[in-house]
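Next comes structure.pdb, with PDB, C-alpha atoms.
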```pdb
ATOM      1  CA  MET H 274      -0.998  -4.367  12.626  1.00  0.00           C
ATOM      2  CA  SER H 275      -3.018  -6.492  14.986  1.00  0.00           C
ATOM      3  CA  ASP H 276      -6.540  -7.679  14.249  1.00  0.00           C
ATOM      4  CA  LEU H 277      -8.349  -5.253  12.008  1.00  0.00           C
ATOM      5  CA  ASP H 278     -11.431  -3.588  13.515  1.00  0.00           C
ATOM      6  CA  TYR H 279     -12.532  -1.327  10.648  1.00  0.00           C
ATOM      7  CA  ILE H 280     -12.099  -0.750   6.940  1.00  0.00           C
ATOM      8  CA  ILE H 281     -13.030   2.802   5.962  1.00  0.00           C
ATOM      9  CA  TYR H 282     -13.595   4.373   2.541  1.00  0.00           C
ATOM     10  CA  THR H 283     -13.942   8.143   2.329  1.00  0.00           C
ATOM     11  CA  ASP H 284     -14.431  10.819  -0.286  1.00  0.00           C
ATOM     12  CA  GLY H 285     -15.196  14.484  -0.618  1.00  0.00           C
ATOM     13  CA  ALA H 286     -16.721  16.439  -3.487  1.00  0.00           C
ATOM     14  CA  CYS H 287     -17.247  20.076  -4.320  1.00  0.00           C
ATOM     15  CA  LEU H 288     -19.235  21.816  -7.053  1.00  0.00           C
ATOM     16  CA  GLY H 289     -16.864  24.623  -7.799  1.00  0.00           C
ATOM     17  CA  ASN H 290     -13.894  25.142  -5.554  1.00  0.00           C
ATOM     18  CA  PRO H 291     -15.100  26.809  -3.384  1.00  0.00           C
ATOM     19  CA  GLY H 292     -18.738  25.904  -3.673  1.00  0.00           C
ATOM     20  CA  PRO H 293     -21.311  23.513  -2.251  1.00  0.00           C
ATOM     21  CA  GLY H 294     -19.597  20.376  -1.020  1.00  0.00           C
ATOM     22  CA  GLY H 295     -20.342  16.931   0.290  1.00  0.00           C
ATOM     23  CA  TRP H 296     -18.478  14.183   2.064  1.00  0.00           C
ATOM     24  CA  ALA H 297     -19.170  10.489   2.526  1.00  0.00           C
ATOM     25  CA  THR H 298     -17.772   7.514   4.347  1.00  0.00           C
ATOM     26  CA  ILE H 299     -18.476   3.817   4.396  1.00  0.00           C
ATOM     27  CA  ILE H 300     -17.232   2.091   7.520  1.00  0.00           C
ATOM     28  CA  PHE H 301     -17.012  -1.684   7.651  1.00  0.00           C
ATOM     29  CA  ASP H 302     -17.117  -2.836  11.261  1.00  0.00           C
ATOM     30  CA  LYS H 303     -15.275  -6.155  11.009  1.00  0.00           C
ATOM     31  CA  LYS H 304     -16.021  -7.436  14.513  1.00  0.00           C
ATOM     32  CA  ASN H 305     -19.762  -6.781  14.430  1.00  0.00           C
ATOM     33  CA  LYS H 306     -20.102  -7.466  10.706  1.00  0.00           C
ATOM     34  CA  LYS H 307     -21.834  -4.129  10.096  1.00  0.00           C
ATOM     35  CA  ARG H 308     -21.662  -1.532   7.376  1.00  0.00           C
ATOM     36  CA  ILE H 309     -22.077   2.075   8.504  1.00  0.00           C
ATOM     37  CA  GLN H 310     -22.639   4.868   6.008  1.00  0.00           C
ATOM     38  CA  ARG H 311     -22.352   8.545   6.919  1.00  0.00           C
ATOM     39  CA  VAL H 312     -22.700  11.641   4.749  1.00  0.00           C
ATOM     40  CA  GLY H 313     -22.748  15.386   5.186  1.00  0.00           C
ATOM     41  CA  SER H 314     -22.404  18.671   3.368  1.00  0.00           C
ATOM     42  CA  GLU H 315     -21.412  22.314   3.629  1.00  0.00           C
ATOM     43  CA  VAL H 316     -22.857  25.220   1.672  1.00  0.00           C
ATOM     44  CA  THR H 317     -19.523  26.853   0.844  1.00  0.00           C
ATOM     45  CA  THR H 318     -16.361  24.793   1.083  1.00  0.00           C
ATOM     46  CA  THR H 319     -13.526  23.246  -0.910  1.00  0.00           C
ATOM     47  CA  ASN H 320     -12.832  19.761  -2.140  1.00  0.00           C
ATOM     48  CA  ASN H 321      -9.858  19.372   0.204  1.00  0.00           C
ATOM     49  CA  ARG H 322     -11.950  20.377   3.218  1.00  0.00           C
ATOM     50  CA  MET H 323     -14.545  17.772   2.290  1.00  0.00           C
ATOM     51  CA  GLU H 324     -11.855  15.084   1.872  1.00  0.00           C
ATOM     52  CA  LEU H 325     -10.523  15.855   5.348  1.00  0.00           C
ATOM     53  CA  THR H 326     -13.989  16.088   6.879  1.00  0.00           C
ATOM     54  CA  ALA H 327     -14.929  12.638   5.588  1.00  0.00           C
ATOM     55  CA  ILE H 328     -11.991  11.070   7.405  1.00  0.00           C
ATOM     56  CA  ILE H 329     -12.489  13.148  10.548  1.00  0.00           C
ATOM     57  CA  GLU H 330     -16.149  12.164  10.764  1.00  0.00           C
ATOM     58  CA  SER H 331     -15.200   8.512  10.250  1.00  0.00           C
ATOM     59  CA  LEU H 332     -12.678   8.559  13.077  1.00  0.00           C
ATOM     60  CA  LYS H 333     -15.096  10.372  15.387  1.00  0.00           C
ATOM     61  CA  SER H 334     -17.658   7.613  14.913  1.00  0.00           C
ATOM     62  CA  ILE H 335     -15.553   4.601  15.904  1.00  0.00           C
ATOM     63  CA  PRO H 336     -14.277   3.529  19.323  1.00  0.00           C
ATOM     64  CA  LEU H 337     -10.902   4.778  20.499  1.00  0.00           C
ATOM     65  CA  GLN H 338      -7.902   2.495  20.119  1.00  0.00           C
ATOM     66  CA  SER H 339      -9.246   0.835  16.982  1.00  0.00           C
ATOM     67  CA  ASN H 340      -7.110  -0.801  14.316  1.00  0.00           C
ATOM     68  CA  LEU H 341      -8.184   0.313  10.880  1.00  0.00           C
ATOM     69  CA  ILE H 342      -7.405   0.877   7.238  1.00  0.00           C
ATOM     70  CA  VAL H 343      -8.494   4.109   5.560  1.00  0.00           C
ATOM     71  CA  PHE H 344      -8.904   4.223   1.789  1.00  0.00           C
ATOM     72  CA  THR H 345      -8.979   7.628   0.107  1.00  0.00           C
ATOM     73  CA  ASP H 346      -8.406   8.868  -3.424  1.00  0.00           C
ATOM     74  CA  SER H 347      -7.011  12.152  -2.109  1.00  0.00           C
ATOM     75  CA  LYS H 348      -3.242  12.515  -2.551  1.00  0.00           C
ATOM     76  CA  TYR H 349      -3.604  15.739  -0.543  1.00  0.00           C
ATOM     77  CA  VAL H 350      -4.782  13.732   2.476  1.00  0.00           C
ATOM     78  CA  ILE H 351      -2.295  10.883   2.009  1.00  0.00           C
ATOM     79  CA  ASN H 352       0.698  13.215   1.566  1.00  0.00           C
ATOM     80  CA  GLY H 353      -0.488  15.465   4.363  1.00  0.00           C
ATOM     81  CA  VAL H 354      -1.035  12.771   6.961  1.00  0.00           C
ATOM     82  CA  GLN H 355       2.001  10.642   6.077  1.00  0.00           C
ATOM     83  CA  SER H 356       4.552  13.344   5.353  1.00  0.00           C
ATOM     84  CA  TRP H 357       3.762  17.062   5.351  1.00  0.00           C
ATOM     85  CA  ILE H 358       2.083  17.337   8.763  1.00  0.00           C
ATOM     86  CA  PHE H 359       5.282  16.559  10.667  1.00  0.00           C
ATOM     87  CA  GLN H 360       7.091  19.524   9.109  1.00  0.00           C
ATOM     88  CA  TRP H 361       4.037  21.768   9.422  1.00  0.00           C
ATOM     89  CA  LYS H 362       3.948  21.168  13.159  1.00  0.00           C
ATOM     90  CA  LYS H 363       7.692  21.823  13.498  1.00  0.00           C
ATOM     91  CA  ASN H 364       7.268  25.068  11.522  1.00  0.00           C
ATOM     92  CA  ASN H 365       4.304  26.335  13.577  1.00  0.00           C
ATOM     93  CA  TRP H 366       1.847  25.393  10.807  1.00  0.00           C
ATOM     94  CA  LEU H 367       3.694  27.119   8.013  1.00  0.00           C
ATOM     95  CA  GLY H 368       4.175  25.321   4.713  1.00  0.00           C
ATOM     96  CA  SER H 369       7.401  25.083   2.743  1.00  0.00           C
ATOM     97  CA  ASN H 370       6.298  28.304   1.029  1.00  0.00           C
ATOM     98  CA  LYS H 371       6.350  30.027   4.473  1.00  0.00           C
ATOM     99  CA  LYS H 372       2.599  30.656   4.230  1.00  0.00           C
ATOM    100  CA  LYS H 373      -0.034  29.435   6.678  1.00  0.00           C
ATOM    101  CA  VAL H 374      -1.128  25.859   6.029  1.00  0.00           C
ATOM    102  CA  LYS H 375      -4.561  25.737   4.433  1.00  0.00           C
ATOM    103  CA  ASN H 376      -7.225  23.882   6.413  1.00  0.00           C
ATOM    104  CA  LYS H 377      -5.101  24.042   9.569  1.00  0.00           C
ATOM    105  CA  ASP H 378      -8.183  23.619  11.761  1.00  0.00           C
ATOM    106  CA  LEU H 379      -9.025  20.306  10.105  1.00  0.00           C
ATOM    107  CA  TRP H 380      -5.420  19.084  10.035  1.00  0.00           C
ATOM    108  CA  ILE H 381      -5.108  19.719  13.791  1.00  0.00           C
ATOM    109  CA  LEU H 382      -8.337  17.827  14.439  1.00  0.00           C
ATOM    110  CA  LEU H 383      -7.285  14.943  12.195  1.00  0.00           C
ATOM    111  CA  ASP H 384      -3.869  14.803  13.872  1.00  0.00           C
ATOM    112  CA  ASP H 385      -5.515  14.596  17.297  1.00  0.00           C
ATOM    113  CA  LEU H 386      -7.906  11.863  16.169  1.00  0.00           C
ATOM    114  CA  THR H 387      -5.201   9.727  14.567  1.00  0.00           C
ATOM    115  CA  LYS H 388      -3.346   9.509  17.890  1.00  0.00           C
ATOM    116  CA  ASN H 389      -6.201   7.392  19.252  1.00  0.00           C
ATOM    117  CA  HIS H 390      -6.021   4.673  16.603  1.00  0.00           C
ATOM    118  CA  GLU H 391      -3.662   2.372  14.755  1.00  0.00           C
ATOM    119  CA  ILE H 392      -4.189   3.418  11.137  1.00  0.00           C
ATOM    120  CA  LYS H 393      -2.901   2.138   7.826  1.00  0.00           C
ATOM    121  CA  TRP H 394      -3.417   4.708   5.054  1.00  0.00           C
ATOM    122  CA  ASN H 395      -4.128   3.539   1.504  1.00  0.00           C
ATOM    123  CA  TRP H 396      -4.436   5.673  -1.582  1.00  0.00           C
ATOM    124  CA  VAL H 397      -6.778   4.342  -4.237  1.00  0.00           C
ATOM    125  CA  LYS H 398      -6.946   5.848  -7.702  1.00  0.00           C
ATOM    126  CA  GLY H 399     -10.263   7.634  -8.151  1.00  0.00           C
ATOM    127  CA  HIS H 400     -12.659   6.507 -10.875  1.00  0.00           C
ATOM    128  CA  SER H 401     -10.660   3.334 -11.434  1.00  0.00           C
ATOM    129  CA  GLY H 402     -13.418   0.833 -10.723  1.00  0.00           C
ATOM    130  CA  ASP H 403     -12.844   0.291  -6.995  1.00  0.00           C
ATOM    131  CA  GLN H 404     -16.404  -0.507  -5.884  1.00  0.00           C
ATOM    132  CA  PHE H 405     -16.397   1.298  -2.554  1.00  0.00           C
ATOM    133  CA  ASN H 406     -14.388   4.282  -3.760  1.00  0.00           C
ATOM    134  CA  GLU H 407     -16.928   4.725  -6.548  1.00  0.00           C
ATOM    135  CA  GLU H 408     -19.745   4.430  -4.013  1.00  0.00           C
ATOM    136  CA  VAL H 409     -18.407   7.079  -1.622  1.00  0.00           C
ATOM    137  CA  ASP H 410     -17.669   9.315  -4.612  1.00  0.00           C
ATOM    138  CA  LYS H 411     -21.310   9.131  -5.683  1.00  0.00           C
ATOM    139  CA  LEU H 412     -22.578   9.673  -2.135  1.00  0.00           C
ATOM    140  CA  ALA H 413     -20.352  12.742  -1.665  1.00  0.00           C
ATOM    141  CA  ARG H 414     -21.365  14.224  -5.032  1.00  0.00           C
ATOM    142  CA  ASP H 415     -25.047  13.597  -4.243  1.00  0.00           C
ATOM    143  CA  GLU H 416     -24.657  15.486  -0.957  1.00  0.00           C
ATOM    144  CA  ALA H 417     -23.083  18.459  -2.771  1.00  0.00           C
ATOM    145  CA  LEU H 418     -25.809  18.388  -5.432  1.00  0.00           C
ATOM    146  CA  LYS H 419     -28.515  18.671  -2.758  1.00  0.00           C
ATOM    147  CA  LEU H 420     -27.160  22.144  -2.011  1.00  0.00           C
ATOM    148  CA  ASN H 421     -26.825  23.292  -5.608  1.00  0.00           C
TER     149      ASN H 421
END
```

Would you mind writing the file out in structure tokens?
Amino acid sequence: MSDLDYIIYTDGACLGNPGPGGWATIIFDKKNKKRIQRVGSEVTTTNNRMELTAIIESLKSIPLQSNLIVFTDSKYVINGVQSWIFQWKKNNWLGSNKKKVKNKDLWILLDDLTKNHEIKWNWVKGHSGDQFNEEVDKLARDEALKLN
């Protein structure tokens, strides 16, 4: 990976599943030495949708052709983006269970956005003391709580 442009931490939260949800991202712009924080929420959603939305919103907010690292505590996202999505696309968005892939709309959007960047994906264990993972977790939960 060439020079790193961004380090991104993301998280999603949901009160109930489905229920009110929030997402959060902290983007470290390495070249301009800036920290960018973005949050959002949805009235009725799922935790997985919020996890995906956090990453999508991060990628939408940075310049195309960036080199970045994304940290997430979502195994669903990590497995999906690094493994499952290739088979889903081959199988016309059907999972191994022959059922429609959940959150297909967000997976398609994420797939399109990842083509415009050089991305290293990192899973971080949630609630394990990682400062920025803990911070995005709190931000995402706070967004969901605003709707409760």

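Closest approach to His400 (chain H) among H:Leu332, H:Thr345, H:Leu325, H:Gln338: H:Thr345, based on all atoms listed in the file.
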
Starting from the shown file, work through the PyMOL selection byres ((chain H and resi 368-376) around 10) and note down what comes out as a PDB file with C-alpha atoms, in the frame of the given file.
```pdb
ATOM      1  CA  THR H 319     -13.526  23.246  -0.910  1.00  0.00           C
ATOM      2  CA  ASN H 321      -9.858  19.372   0.204  1.00  0.00           C
ATOM      3  CA  ARG H 322     -11.950  20.377   3.218  1.00  0.00           C
ATOM      4  CA  LEU H 325     -10.523  15.855   5.348  1.00  0.00           C
ATOM      5  CA  TRP H 357       3.762  17.062   5.351  1.00  0.00           C
ATOM      6  CA  ILE H 358       2.083  17.337   8.763  1.00  0.00           C
ATOM      7  CA  GLN H 360       7.091  19.524   9.109  1.00  0.00           C
ATOM      8  CA  TRP H 361       4.037  21.768   9.422  1.00  0.00           C
ATOM      9  CA  LYS H 362       3.948  21.168  13.159  1.00  0.00           C
ATOM     10  CA  ASN H 364       7.268  25.068  11.522  1.00  0.00           C
ATOM     11  CA  ASN H 365       4.304  26.335  13.577  1.00  0.00           C
ATOM     12  CA  TRP H 366       1.847  25.393  10.807  1.00  0.00           C
ATOM     13  CA  LEU H 367       3.694  27.119   8.013  1.00  0.00           C
ATOM     14  CA  LYS H 377      -5.101  24.042   9.569  1.00  0.00           C
ATOM     15  CA  ASP H 378      -8.183  23.619  11.761  1.00  0.00           C
ATOM     16  CA  LEU H 379      -9.025  20.306  10.105  1.00  0.00           C
ATOM     17  CA  TRP H 380      -5.420  19.084  10.035  1.00  0.00           C
ATOM     18  CA  ILE H 381      -5.108  19.719  13.791  1.00  0.00           C
TER      19      ILE H 381
END
```

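Counting all atoms listed in the file, the residue from H:Gly285, H:Gly353, H:Gly313, H:Gly295 that sits nearest to Trp394 (chain H) is H:Gly353.
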
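Picture a line from CA of Pro291 (chain H) to CA of Val343 (chain H); it runs 25.3 Å.
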
Quick one: residues within 9 Å of Leu277 (chain H), all atoms listed in the file counted, chain neighbours fewer than 6 positions away excluded, as a list of chain:residue names?
->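 In the requested form, the answer reads H:Lys303, H:Lys304, H:Ser339, H:Asn340, H:Leu341, H:Ile342.
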
Residues as selected, C-alpha atoms, written as a tab-separated table (two decimals), keeping the file's coordinate frame, can you do that?
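The resulting result-v8.tsv:
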```
chain	number	residue	atom	x	y	z
H	303	LYS	CA	-15.28	-6.16	11.01
H	304	LYS	CA	-16.02	-7.44	14.51
H	339	SER	CA	-9.25	0.84	16.98
H	340	ASN	CA	-7.11	-0.80	14.32
H	341	LEU	CA	-8.18	0.31	10.88
H	342	ILE	CA	-7.40	0.88	7.24
```

Excluding same-chain residues fewer than 6 positions from Asp384 (chain H), what lies within 10 Å of it counting only C-alpha atoms, as number ranges by chain?
-> H: 329, 354, 358-359
